[in-house]
$ cat coords_8.cif   # mmCIF, C-alpha atoms
data_structure
#
loop_
_atom_site.label_atom_id
_atom_site.label_comp_id
_atom_site.auth_asym_id
_atom_site.auth_seq_id
_atom_site.Cartn_x
_atom_site.Cartn_y
_atom_site.Cartn_z
CA MET A 1 18.00 -22.48 70.21
CA LEU A 2 16.92 -26.05 69.60
CA ALA A 3 20.33 -26.92 68.15
CA ARG A 4 22.13 -25.44 71.18
CA LYS A 5 20.07 -27.50 73.57
CA SER A 6 20.94 -30.64 71.54
CA ILE A 7 17.24 -31.41 71.02
CA ILE A 8 17.71 -31.35 67.21
CA PRO A 9 21.11 -32.15 65.68
CA GLU A 10 22.92 -29.12 64.34
CA GLU A 11 23.66 -30.79 61.02
CA TYR A 12 19.95 -31.27 60.40
CA VAL A 13 19.18 -27.62 61.16
CA LEU A 14 21.89 -26.33 58.79
CA ALA A 15 20.80 -28.62 56.00
CA ARG A 16 17.22 -27.53 56.47
CA ILE A 17 18.10 -23.83 56.35
CA ALA A 18 20.22 -24.34 53.25
CA ALA A 19 17.38 -26.18 51.53
CA GLU A 20 14.93 -23.40 52.35
CA ASN A 21 17.26 -20.74 50.96
CA LEU A 22 17.61 -22.43 47.62
CA ARG A 23 15.85 -20.44 44.97
CA LYS A 24 13.32 -22.39 43.07
CA PRO A 25 13.24 -21.82 39.30
CA ARG A 26 10.58 -19.26 38.51
CA ILE A 27 8.82 -18.96 35.22
CA ARG A 28 8.56 -15.29 34.35
CA ASP A 29 5.39 -14.26 32.66
CA ARG A 30 5.48 -12.34 29.43
CA PRO A 31 5.62 -8.59 30.18
CA ARG A 32 2.15 -7.15 29.86
CA LYS A 33 1.71 -4.41 27.32
CA ALA A 34 0.07 -1.19 28.42
CA ARG A 35 -3.44 -0.71 27.12
CA PHE A 36 -4.02 2.11 24.68
CA ILE A 37 -7.73 2.37 25.63
CA ALA A 38 -8.94 1.35 29.09
CA LYS A 39 -12.06 -0.71 29.63
CA ASN A 40 -14.00 2.41 30.64
CA GLY A 41 -12.97 4.19 27.42
CA ALA A 42 -10.28 6.47 28.85
CA CYS A 43 -7.19 6.98 26.70
CA ASN A 44 -4.01 5.76 28.38
CA LEU A 45 -1.87 8.56 26.99
CA ALA A 46 0.25 11.20 28.71
CA HIS A 47 1.33 14.42 26.95
CA LYS A 48 4.80 15.52 28.00
CA ASN A 49 7.23 18.34 27.18
CA ILE A 50 4.65 20.62 25.57
CA ARG A 51 6.50 23.87 24.97
CA GLU A 52 3.76 26.02 23.46
CA GLN A 53 1.46 26.23 26.48
CA GLY A 54 -0.07 29.44 25.16
CA ARG A 55 -2.10 27.53 22.60
CA PHE A 56 -4.44 26.40 25.38
CA LEU A 57 -5.19 30.03 26.30
CA GLN A 58 -6.15 30.81 22.71
CA ASP A 59 -9.08 28.43 23.13
CA ILE A 60 -9.96 29.47 26.68
CA PHE A 61 -13.52 28.15 26.62
CA THR A 62 -12.47 24.59 25.74
CA THR A 63 -9.72 24.80 28.34
CA LEU A 64 -12.26 25.76 31.02
CA VAL A 65 -14.57 22.93 29.98
CA ASP A 66 -11.74 20.38 30.10
CA LEU A 67 -10.69 21.41 33.61
CA LYS A 68 -11.66 19.41 36.65
CA TRP A 69 -14.72 20.47 38.62
CA ARG A 70 -12.76 21.80 41.59
CA HIS A 71 -10.67 24.02 39.33
CA THR A 72 -13.75 25.23 37.47
CA LEU A 73 -15.56 26.15 40.71
CA VAL A 74 -12.50 28.01 42.00
CA ILE A 75 -12.25 30.00 38.76
CA PHE A 76 -16.01 30.64 38.83
CA THR A 77 -15.83 32.04 42.38
CA MET A 78 -12.66 34.04 41.88
CA SER A 79 -13.90 35.67 38.67
CA PHE A 80 -16.87 37.19 40.48
CA LEU A 81 -14.90 38.16 43.58
CA CYS A 82 -12.16 39.82 41.54
CA SER A 83 -14.66 41.77 39.43
CA TRP A 84 -16.53 42.96 42.53
CA LEU A 85 -13.29 44.06 44.21
CA LEU A 86 -12.02 45.77 41.04
CA PHE A 87 -15.16 47.84 40.55
CA ALA A 88 -15.42 48.49 44.30
CA MET A 89 -12.00 50.14 44.04
CA MET A 90 -13.22 52.15 41.04
CA TRP A 91 -16.36 53.31 42.89
CA TRP A 92 -14.25 54.26 45.90
CA LEU A 93 -11.90 56.30 43.67
CA VAL A 94 -14.86 58.02 42.01
CA ALA A 95 -16.31 58.95 45.40
CA PHE A 96 -12.92 60.04 46.72
CA ALA A 97 -12.19 62.21 43.66
CA HIS A 98 -15.58 63.87 43.94
CA GLY A 99 -15.08 64.56 47.63
CA ASP A 100 -17.79 62.28 48.91
CA MET A 101 -15.38 60.82 51.53
CA ASP A 102 -14.90 64.25 53.17
CA PRO A 103 -16.72 64.32 56.54
CA SER A 104 -17.67 67.97 56.00
CA THR A 105 -19.82 67.04 53.02
CA GLU A 106 -22.07 64.79 55.11
CA ASN A 107 -23.85 67.77 56.75
CA ALA A 108 -24.00 69.51 53.38
CA THR A 109 -25.80 66.53 51.96
CA ASN A 110 -28.49 66.77 54.60
CA SER A 111 -29.02 70.44 53.77
CA THR A 112 -29.34 69.56 50.03
CA LYS A 113 -26.34 71.73 49.14
CA TRP A 114 -24.11 68.78 48.16
CA THR A 115 -24.97 66.01 45.68
CA PRO A 116 -22.65 62.95 45.82
CA CYS A 117 -21.98 60.64 42.88
CA VAL A 118 -23.32 57.65 44.82
CA THR A 119 -25.35 58.16 47.95
CA CYS A 120 -24.29 56.44 51.20
CA VAL A 121 -20.80 55.49 49.92
CA ARG A 122 -18.48 56.63 52.74
CA SER A 123 -15.89 53.81 52.84
CA PHE A 124 -14.44 50.96 50.84
CA THR A 125 -16.87 48.54 52.46
CA SER A 126 -19.87 50.52 51.27
CA ALA A 127 -18.26 50.80 47.82
CA PHE A 128 -17.83 46.98 47.75
CA LEU A 129 -21.47 46.45 48.69
CA PHE A 130 -22.56 48.89 45.99
CA SER A 131 -20.42 47.05 43.44
CA ILE A 132 -22.19 43.77 44.31
CA GLU A 133 -25.60 45.46 44.05
CA VAL A 134 -24.80 46.89 40.62
CA GLN A 135 -23.36 43.69 39.10
CA VAL A 136 -25.91 41.28 40.57
CA THR A 137 -28.79 43.82 40.20
CA ILE A 138 -29.93 43.43 43.80
CA GLY A 139 -30.80 47.07 44.57
CA PHE A 140 -31.47 47.27 48.32
CA GLY A 141 -32.38 50.94 48.00
CA GLY A 142 -29.90 52.53 50.41
CA ARG A 143 -27.22 53.32 47.82
CA MET A 144 -28.04 54.72 44.38
CA MET A 145 -26.57 56.63 41.47
CA THR A 146 -27.05 60.33 40.85
CA GLU A 147 -26.59 62.42 37.70
CA GLU A 148 -23.85 64.47 39.29
CA CYS A 149 -20.84 62.52 37.91
CA PRO A 150 -20.58 61.40 34.25
CA LEU A 151 -17.58 59.24 35.23
CA ALA A 152 -19.76 57.26 37.59
CA ILE A 153 -22.25 56.62 34.79
CA THR A 154 -19.41 55.31 32.61
CA VAL A 155 -18.24 52.98 35.39
CA LEU A 156 -21.82 51.72 35.80
CA ILE A 157 -22.12 50.87 32.10
CA LEU A 158 -18.70 49.19 32.07
CA GLN A 159 -19.50 47.04 35.12
CA ASN A 160 -22.79 45.87 33.62
CA ILE A 161 -21.05 44.79 30.41
CA VAL A 162 -18.26 42.96 32.27
CA GLY A 163 -20.78 41.25 34.55
CA LEU A 164 -22.82 39.99 31.60
CA ILE A 165 -19.68 38.60 29.92
CA ILE A 166 -18.60 36.79 33.09
CA ASN A 167 -22.09 35.34 33.57
CA ALA A 168 -22.29 34.15 29.98
CA VAL A 169 -18.85 32.51 29.95
CA MET A 170 -19.00 30.83 33.34
CA LEU A 171 -22.60 29.65 33.12
CA GLY A 172 -21.99 28.36 29.59
CA CYS A 173 -18.89 26.55 30.81
CA ILE A 174 -20.78 24.86 33.65
CA PHE A 175 -23.62 23.91 31.32
CA MET A 176 -21.22 22.32 28.84
CA LYS A 177 -19.48 20.39 31.62
CA THR A 178 -22.77 18.95 32.86
CA ALA A 179 -23.98 18.13 29.33
CA GLN A 180 -20.78 16.60 28.01
CA ALA A 181 -21.13 13.73 25.57
CA HIS A 182 -19.17 11.23 27.65
CA ARG A 183 -21.81 11.46 30.39
CA ARG A 184 -24.30 9.75 28.08
CA ALA A 185 -21.68 7.14 27.24
CA GLU A 186 -21.75 5.93 30.85
CA THR A 187 -24.99 4.03 30.09
CA LEU A 188 -23.60 2.43 26.91
CA ILE A 189 -22.09 -0.87 28.03
CA PHE A 190 -19.88 -3.46 26.39
CA SER A 191 -19.26 -7.06 27.36
CA ARG A 192 -16.16 -7.57 29.48
CA GLN A 193 -14.93 -10.28 27.13
CA ALA A 194 -15.12 -10.90 23.41
CA VAL A 195 -15.48 -14.31 21.77
CA ILE A 196 -14.37 -16.07 18.61
CA ALA A 197 -16.72 -18.74 17.30
CA VAL A 198 -18.15 -20.11 14.07
CA ARG A 199 -21.10 -18.27 12.57
CA ASN A 200 -22.48 -19.15 9.14
CA GLY A 201 -19.47 -21.34 8.44
CA LYS A 202 -16.92 -18.59 9.18
CA LEU A 203 -14.80 -17.76 12.17
CA CYS A 204 -16.10 -14.51 13.66
CA PHE A 205 -14.93 -12.10 16.31
CA MET A 206 -17.96 -11.04 18.38
CA PHE A 207 -18.79 -8.83 21.34
CA ARG A 208 -21.99 -7.51 22.85
CA VAL A 209 -23.09 -3.88 23.20
CA GLY A 210 -26.17 -2.47 24.93
CA ASP A 211 -27.87 0.73 26.05
CA LEU A 212 -29.32 0.98 29.56
CA ARG A 213 -31.54 3.99 28.83
CA LYS A 214 -34.88 4.01 27.08
CA SER A 215 -33.93 7.10 25.06
CA MET A 216 -32.24 5.83 21.95
CA ILE A 217 -28.97 6.61 20.19
CA ILE A 218 -29.82 7.85 16.71
CA SER A 219 -27.64 6.80 13.75
CA ALA A 220 -25.47 4.60 15.94
CA SER A 221 -22.45 3.09 14.22
CA VAL A 222 -19.70 0.74 15.41
CA ARG A 223 -16.07 0.80 14.31
CA ILE A 224 -13.31 -1.65 15.23
CA GLN A 225 -9.61 -0.91 15.08
CA VAL A 226 -6.61 -3.13 15.77
CA VAL A 227 -3.71 -1.40 17.51
CA ARG A 228 -0.39 -3.20 17.49
CA LYS A 229 3.32 -2.54 17.26
CA THR A 230 4.62 -3.12 13.73
CA THR A 231 7.87 -2.75 11.82
CA THR A 232 7.97 -1.68 8.18
CA PRO A 233 10.24 -3.38 5.61
CA GLU A 234 12.49 -0.32 5.81
CA GLY A 235 13.03 -0.92 9.53
CA GLU A 236 10.74 1.85 10.83
CA VAL A 237 9.05 0.90 14.11
CA ILE A 238 5.46 2.08 14.47
CA PRO A 239 4.50 1.71 18.16
CA ILE A 240 0.79 2.41 17.62
CA HIS A 241 -0.25 1.13 14.22
CA GLN A 242 -4.02 1.40 13.71
CA VAL A 243 -5.82 -0.83 11.25
CA ASP A 244 -9.57 -0.60 10.58
CA ILE A 245 -11.41 -3.89 10.32
CA PRO A 246 -14.91 -4.20 8.80
CA VAL A 247 -18.03 -5.02 10.79
CA ASP A 248 -20.54 -7.53 9.45
CA ASN A 249 -23.72 -5.47 9.03
CA PRO A 250 -26.50 -6.34 6.59
CA ILE A 251 -27.51 -2.68 6.41
CA GLU A 252 -25.59 -0.73 3.77
CA SER A 253 -25.48 2.45 5.84
CA ASN A 254 -23.48 0.62 8.57
CA ASN A 255 -25.87 1.96 11.25
CA ILE A 256 -27.38 -0.18 13.99
CA PHE A 257 -30.75 0.04 15.71
CA LEU A 258 -29.66 -0.11 19.33
CA VAL A 259 -33.04 -0.67 20.95
CA ALA A 260 -31.86 -3.90 22.61
CA PRO A 261 -28.43 -5.43 23.25
CA LEU A 262 -26.78 -6.55 20.02
CA ILE A 263 -23.92 -8.89 19.20
CA ILE A 264 -21.54 -7.11 16.84
CA CYS A 265 -19.79 -9.53 14.51
CA HIS A 266 -16.59 -9.24 12.51
CA VAL A 267 -15.99 -12.00 9.97
CA ILE A 268 -12.36 -13.09 10.04
CA ASP A 269 -11.52 -13.19 6.34
CA LYS A 270 -8.56 -12.23 4.17
CA ARG A 271 -9.02 -8.55 4.98
CA SER A 272 -8.88 -9.14 8.73
CA PRO A 273 -5.67 -8.81 10.77
CA LEU A 274 -6.81 -11.93 12.67
CA TYR A 275 -6.76 -14.08 9.55
CA ASP A 276 -3.48 -15.89 10.37
CA ILE A 277 -4.03 -16.18 14.14
CA SER A 278 -5.00 -19.51 15.68
CA ALA A 279 -6.17 -20.28 19.20
CA ALA A 280 -2.63 -21.15 20.29
CA ASP A 281 -1.18 -18.00 18.72
CA LEU A 282 -3.80 -15.69 20.22
CA VAL A 283 -2.30 -15.84 23.71
CA LEU A 284 1.11 -14.81 22.37
CA GLN A 285 -0.19 -11.93 20.27
CA ASP A 286 0.56 -8.38 21.38
CA LEU A 287 -2.51 -6.69 19.96
CA GLU A 288 -5.48 -4.66 21.16
CA LEU A 289 -8.87 -4.39 19.50
CA ILE A 290 -10.52 -1.01 20.07
CA VAL A 291 -14.30 -0.73 19.72
CA ILE A 292 -15.86 2.70 19.10
CA LEU A 293 -19.61 3.32 19.25
CA GLU A 294 -20.81 6.71 17.94
CA GLY A 295 -24.27 8.20 17.69
CA VAL A 296 -26.51 11.17 18.38
CA VAL A 297 -28.33 11.42 21.71
CA GLU A 298 -32.05 11.53 21.08
CA THR A 299 -32.91 13.94 23.92
CA THR A 300 -30.11 16.52 23.52
CA GLY A 301 -28.92 16.11 19.92
CA ILE A 302 -25.28 15.92 21.06
CA THR A 303 -22.97 13.43 19.38
CA THR A 304 -21.63 10.92 21.88
CA GLN A 305 -18.91 8.30 21.69
CA ALA A 306 -18.33 5.22 23.83
CA ARG A 307 -15.09 3.26 23.69
CA THR A 308 -13.60 0.06 25.05
CA SER A 309 -10.86 -2.38 24.09
CA TYR A 310 -10.09 -6.09 24.18
CA VAL A 311 -6.62 -7.55 24.60
CA ALA A 312 -5.65 -11.12 23.82
CA GLU A 313 -6.38 -12.33 27.36
CA GLU A 314 -9.96 -11.04 27.11
CA ILE A 315 -10.86 -12.93 23.92
CA LEU A 316 -12.42 -16.36 24.49
CA TRP A 317 -11.91 -18.84 21.67
CA GLY A 318 -14.76 -21.29 21.13
CA HIS A 319 -17.40 -19.43 23.17
CA ARG A 320 -20.72 -17.84 22.33
CA PHE A 321 -22.91 -15.31 24.13
CA VAL A 322 -26.05 -16.64 25.77
CA PRO A 323 -29.40 -15.14 24.65
CA ILE A 324 -30.78 -12.53 27.03
CA VAL A 325 -33.85 -11.23 25.17
CA THR A 326 -37.07 -13.11 25.87
CA GLU A 327 -40.75 -12.44 25.20
CA GLU A 328 -42.84 -12.19 28.36
CA GLU A 329 -46.55 -11.36 28.20
CA GLY A 330 -46.26 -9.62 24.84
CA VAL A 331 -43.21 -7.55 25.89
CA TYR A 332 -39.57 -8.19 25.05
CA ALA A 333 -37.59 -8.41 28.29
CA VAL A 334 -33.80 -8.05 28.57
CA ASP A 335 -31.97 -9.82 31.39
CA TYR A 336 -28.85 -7.74 31.95
CA SER A 337 -27.57 -10.15 34.62
CA LYS A 338 -26.53 -12.44 31.74
CA PHE A 339 -25.15 -9.66 29.57
CA GLY A 340 -21.58 -10.96 29.52
CA ASN A 341 -22.26 -14.66 30.06
CA THR A 342 -20.86 -17.06 27.48
CA VAL A 343 -21.19 -20.76 26.78
CA LYS A 344 -18.57 -23.04 25.30
CA VAL A 345 -19.30 -24.25 21.75
CA ALA A 346 -17.49 -26.31 19.15
CA ALA A 347 -14.99 -24.30 17.14
CA PRO A 348 -11.84 -25.26 15.24
CA ARG A 349 -8.61 -24.25 16.96
CA CYS A 350 -6.88 -23.42 13.71
CA SER A 351 -6.64 -20.03 12.03
CA ALA A 352 -9.13 -18.72 9.51
CA ARG A 353 -6.58 -19.19 6.72
CA GLU A 354 -6.21 -22.90 7.51
CA LEU A 355 -9.98 -23.20 7.74
CA ASP A 356 -10.38 -21.71 4.26
CA GLU A 357 -7.69 -23.97 2.85
CA LYS A 358 -9.09 -27.11 4.52
CA PRO A 359 -12.88 -26.84 4.94
CA SER A 360 -12.94 -30.43 6.18
CA ILE A 361 -11.57 -29.20 9.53
CA LEU A 362 -14.87 -27.51 10.29
CA ILE A 363 -16.85 -30.62 9.33
CA GLN A 364 -14.69 -32.82 11.53
CA THR A 365 -15.01 -30.42 14.43
CA LEU A 366 -18.78 -30.33 14.13
CA GLN A 367 -18.95 -34.12 13.87
CA LYS A 368 -16.82 -34.53 16.98
CA SER A 369 -19.00 -32.08 18.86
CA GLU A 370 -22.12 -33.92 17.72
CA LEU A 371 -20.70 -37.25 18.87
CA SER A 372 -19.69 -35.81 22.22
CA HIS A 373 -23.14 -34.26 22.57
CA GLN A 374 -24.79 -37.62 21.83
CA ASN A 375 -22.51 -39.37 24.31
CA SER A 376 -23.35 -36.84 26.97
CA LEU A 377 -27.06 -37.35 26.27
CA ARG A 378 -26.64 -41.12 26.56
CA LYS A 379 -24.81 -40.73 29.84
CA ARG A 380 -27.54 -38.47 31.17
CA ASN A 381 -30.26 -40.92 30.07
CA SER A 382 -28.43 -43.86 31.63
CA MET A 383 -27.94 -41.92 34.87
CA ARG A 384 -31.63 -41.05 34.89
CA ARG A 385 -32.56 -44.69 34.34
CA ASN A 386 -30.26 -45.85 37.12
CA ASN A 387 -31.68 -43.24 39.45
CA SER A 388 -35.25 -44.25 38.61
CA ILE A 389 -34.42 -47.95 39.16
CA ARG A 390 -32.82 -47.16 42.51
CA ARG A 391 -35.81 -45.13 43.56
CA SER A 392 -38.24 -47.91 42.57
CA ASN A 393 -36.17 -50.50 44.46
CA SER A 394 -36.01 -48.33 47.54
CA MET A 395 -39.77 -47.75 47.41
CA ARG A 396 -40.38 -51.53 47.14
CA ARG A 397 -38.21 -52.13 50.16
CA THR A 398 -40.04 -49.56 52.20
CA ASN A 399 -43.41 -50.99 51.15
CA SER A 400 -42.35 -54.55 52.01
CA SER A 401 -41.22 -53.42 55.42
CA LEU A 402 -44.66 -51.95 56.06
CA ILE A 403 -46.55 -55.24 55.31
CA VAL A 404 -48.01 -56.82 58.55
CA PRO A 405 -47.03 -60.55 58.98
CA LYS A 406 -49.71 -63.23 59.47
CA VAL A 407 -49.82 -64.94 62.93
CA GLN A 408 -51.63 -68.30 63.68
CA PHE A 409 -53.18 -68.95 67.06
CA ILE A 410 -53.67 -72.65 68.24
CA THR A 411 -56.57 -73.37 70.60
CA PRO A 412 -56.30 -76.00 73.38
CA GLU A 413 -58.61 -78.32 71.45
CA GLY A 414 -56.05 -78.43 68.62
CA SER A 415 -58.07 -76.38 66.17
CA GLN A 416 -56.25 -73.66 64.38
CA SER A 417 -57.55 -70.24 63.58
CA ALA A 418 -55.69 -67.74 61.47
CA SER A 419 -56.08 -64.05 61.97
CA GLU A 420 -54.23 -60.99 60.92
CA THR A 421 -53.02 -58.40 63.30
#
$ encode --input "coords_8.cif" --output "structure tokens"
Amino acid sequence: MLARKSIIPEEYVLARIAAENLRKPRIRDRPRKARFIAKNGACNLAHKNIREQGRFLQDIFTTLVDLKWRHTLVIFTMSFLCSWLLFAMMWWLVAFAHGDMDPSTENATNSTKWTPCVTCVRSFTSAFLFSIEVQVTIGFGGRMMTEECPLAITVLILQNIVGLIINAVMLGCIFMKTAQAHRRAETLIFSRQAVIAVRNGKLCFMFRVGDLRKSMIISASVRIQVVRKTTTPEGEVIPIHQVDIPVDNPIESNNIFLVAPLIICHVIDKRSPLYDISAADLVLQDLELIVILEGVVETTGITTQARTSYVAEEILWGHRFVPIVTEEEGVYAVDYSKFGNTVKVAAPRCSARELDEKPSILIQTLQKSELSHQNSLRKRNSMRRNNSIRRSNSMRRTNSSLIVPKVQFITPEGSQSASET
């Protein structure tokens, strides 16, 4: 519109549109690999094309426990309703075969000449109510069994057995769903990020783990696995190759006392898959470190397992976790607000292999960090001195402005008298 009205030249408008349509060169990021284990511990795995579906019915109890809650509640309700309706039909057939549904037998019952199998069962509705009373053992008193029909006694025994089996299976299933081990794992937390720093002269991979409950995890142990895609010398591609890496633990049993948050450490040595990885190579690595914490719940005795994973983007090189356990009034206090906080520390950017071959790299790194720390302290001291000097000068100026000047008064006789106002 502006070009048509000759407000802006048409050549300028066309050139501008052409410049806007030019595609700028875009740098495509490296495609992100799918995680094998999510941060909350769920396995990122989908089972497809399973032909033998009948294997799940062979272990029906585990299948019911693994179902979602809405499916379990539907099965729980339908199992009772179907059993009540099935035995209601059986009670109605028993009464119909015995002739209790015949209206002529109602007067005979009052004159004690006719004894029904079940009293007061004249329709399917009354048979359904009697089935509920038998299976749930309510017993309102209006309907009851007689010794007239042996078949009715057999149906009564059969319904009691079936009702007990349904109660045992469904109640046990619901109990196992509420007491599953992964529910306890919800209060076992891991730090969102892992770090690599120097500890005792060695590069170490570290993360923090903690328990939010006061009830402890007995015989807790931590395992670390590296999952990566590898290719064998024969050309076989292994998409999920799992390698166990050791955990630095002074206790021979490899158990931890998880009464307070702990920093789990893995020394990067010749046995470690991280031995040849430097800080620059870590970003390009397509690996995932899976952490598994196992133990026995103190209150229930059930074995629980908590899982998480760390990819290359979640590993901070040259950082260290801040301390969160302090002693306050004779009690050790844990500040969980700083659970995942880290601080930057001096660490060589080379791999652990280069650090073992050239130990002088670590010494030089520590010396540089010491010099930088001293320089920062000097700068802070000089800034404090300058601030103190400025404050003292400003206070002197304010004090000098508050001093009252001396004024001399001259009398007519020529005598002078000085006074202060």
$ axis_aligned_box --input "coords_8.cif" --around "segment 49-54 of chain A" --padding-each-side "5 Å" --output "lines of an AutoDock Vina configuration file"
center_x = 3.6
center_y = 23.9
center_z = 25.3
size_x = 17.3
size_y = 21.1
size_z = 13.7
$ closest_residue --input "coords_8.cif" --among "A:Thr119, A:Ser219, A:Gln180, A:Asn381" --to "Phe257 of chain A" --atoms "all atoms listed in the file"
A:Ser219
$ residues_around --input "coords_8.cif" --residues "Ile240 of chain A" --least-positions-apart "6" --cutoff "8 Å" --atoms "all atoms listed in the file" --output "mmCIF file with C-alpha atoms, keeping the file's coordinate frame"
data_model
loop_
_atom_site.group_PDB
_atom_site.id
_atom_site.type_symbol
_atom_site.label_atom_id
_atom_site.label_comp_id
_atom_site.auth_asym_id
_atom_site.auth_seq_id
_atom_site.Cartn_x
_atom_site.Cartn_y
_atom_site.Cartn_z
ATOM 1 C CA VAL A 227 -3.710 -1.400 17.510
ATOM 2 C CA ARG A 228 -0.390 -3.200 17.490
ATOM 3 C CA LYS A 229 3.320 -2.540 17.260
ATOM 4 C CA THR A 230 4.620 -3.120 13.730
#
$ atom_distance --input "coords_8.cif" --atom1 "atom CA of Gly301 of chain A" --atom2 "atom CA of Phe175 of chain A"
14.8 Å
$ resolve_selection --input "coords_8.cif" --expression "the PyMOL selection byres ((chain A and resi 341) around 9)" --output "list in words"
Ser191, Arg320, Phe321, Val322, Pro323, Ser337, Lys338, Phe339, Gly340, Thr342 and Val343 of chain A
$ closest_residue --input "coords_8.cif" --among "A:Leu188, A:Met383, A:Cys120, A:Val296" --to "Phe140 of chain A" --atoms "only C-alpha atoms"
A:Cys120
$ resolve_selection --input "coords_8.cif" --expression "the PyMOL selection byres ((chain A and resi 247) around 10)" --output "list of chain:residue names"
A:Phe205, A:Met206, A:Ser221, A:Val222, A:Arg223, A:Ile224, A:Asp244, A:Ile245, A:Pro246, A:Asp248, A:Asn249, A:Pro250, A:Asn254, A:Ile264, A:Cys265, A:His266, A:Val267, A:Ile268
$ build_atoms --input "coords_8.cif" --residues "segment 379-394 of chain A" --atoms "N, CA and C atoms" --output "PDB file, keeping the file's coordinate frame"
ATOM      1  N   LYS A 379     -25.192 -40.638  28.440  1.00  0.00           N
ATOM      2  CA  LYS A 379     -24.810 -40.730  29.840  1.00  0.00           C
ATOM      3  C   LYS A 379     -25.891 -40.161  30.758  1.00  0.00           C
ATOM      4  N   ARG A 380     -26.466 -39.065  30.353  1.00  0.00           N
ATOM      5  CA  ARG A 380     -27.540 -38.470  31.170  1.00  0.00           C
ATOM      6  C   ARG A 380     -28.742 -39.397  31.228  1.00  0.00           C
ATOM      7  N   ASN A 381     -29.104 -40.008  30.082  1.00  0.00           N
ATOM      8  CA  ASN A 381     -30.260 -40.920  30.070  1.00  0.00           C
ATOM      9  C   ASN A 381     -29.985 -42.150  30.922  1.00  0.00           C
ATOM     10  N   SER A 382     -28.753 -42.685  30.818  1.00  0.00           N
ATOM     11  CA  SER A 382     -28.430 -43.860  31.630  1.00  0.00           C
ATOM     12  C   SER A 382     -28.429 -43.514  33.116  1.00  0.00           C
ATOM     13  N   MET A 383     -27.920 -42.336  33.463  1.00  0.00           N
ATOM     14  CA  MET A 383     -27.940 -41.920  34.870  1.00  0.00           C
ATOM     15  C   MET A 383     -29.367 -41.734  35.358  1.00  0.00           C
ATOM     16  N   ARG A 384     -30.226 -41.206  34.493  1.00  0.00           N
ATOM     17  CA  ARG A 384     -31.630 -41.050  34.890  1.00  0.00           C
ATOM     18  C   ARG A 384     -32.293 -42.406  35.081  1.00  0.00           C
ATOM     19  N   ARG A 385     -31.994 -43.360  34.193  1.00  0.00           N
ATOM     20  CA  ARG A 385     -32.560 -44.690  34.340  1.00  0.00           C
ATOM     21  C   ARG A 385     -32.086 -45.356  35.628  1.00  0.00           C
ATOM     22  N   ASN A 386     -30.796 -45.260  35.892  1.00  0.00           N
ATOM     23  CA  ASN A 386     -30.260 -45.850  37.120  1.00  0.00           C
ATOM     24  C   ASN A 386     -30.891 -45.216  38.355  1.00  0.00           C
ATOM     25  N   ASN A 387     -31.066 -43.914  38.308  1.00  0.00           N
ATOM     26  CA  ASN A 387     -31.680 -43.240  39.450  1.00  0.00           C
ATOM     27  C   ASN A 387     -33.135 -43.664  39.631  1.00  0.00           C
ATOM     28  N   SER A 388     -33.849 -43.813  38.515  1.00  0.00           N
ATOM     29  CA  SER A 388     -35.250 -44.250  38.610  1.00  0.00           C
ATOM     30  C   SER A 388     -35.347 -45.688  39.128  1.00  0.00           C
ATOM     31  N   ILE A 389     -34.413 -46.567  38.676  1.00  0.00           N
ATOM     32  CA  ILE A 389     -34.420 -47.950  39.160  1.00  0.00           C
ATOM     33  C   ILE A 389     -34.113 -47.992  40.649  1.00  0.00           C
ATOM     34  N   ARG A 390     -33.151 -47.188  41.082  1.00  0.00           N
ATOM     35  CA  ARG A 390     -32.820 -47.160  42.510  1.00  0.00           C
ATOM     36  C   ARG A 390     -33.990 -46.638  43.337  1.00  0.00           C
ATOM     37  N   ARG A 391     -34.650 -45.653  42.818  1.00  0.00           N
ATOM     38  CA  ARG A 391     -35.810 -45.130  43.560  1.00  0.00           C
ATOM     39  C   ARG A 391     -36.917 -46.162  43.662  1.00  0.00           C
ATOM     40  N   SER A 392     -37.178 -46.881  42.542  1.00  0.00           N
ATOM     41  CA  SER A 392     -38.240 -47.910  42.570  1.00  0.00           C
ATOM     42  C   SER A 392     -37.875 -49.031  43.519  1.00  0.00           C
ATOM     43  N   ASN A 393     -36.595 -49.445  43.533  1.00  0.00           N
ATOM     44  CA  ASN A 393     -36.170 -50.500  44.460  1.00  0.00           C
ATOM     45  C   ASN A 393     -36.301 -50.051  45.904  1.00  0.00           C
ATOM     46  N   SER A 394     -35.899 -48.833  46.164  1.00  0.00           N
ATOM     47  CA  SER A 394     -36.010 -48.330  47.540  1.00  0.00           C
ATOM     48  C   SER A 394     -37.473 -48.226  47.980  1.00  0.00           C
TER      49      SER A 394
END
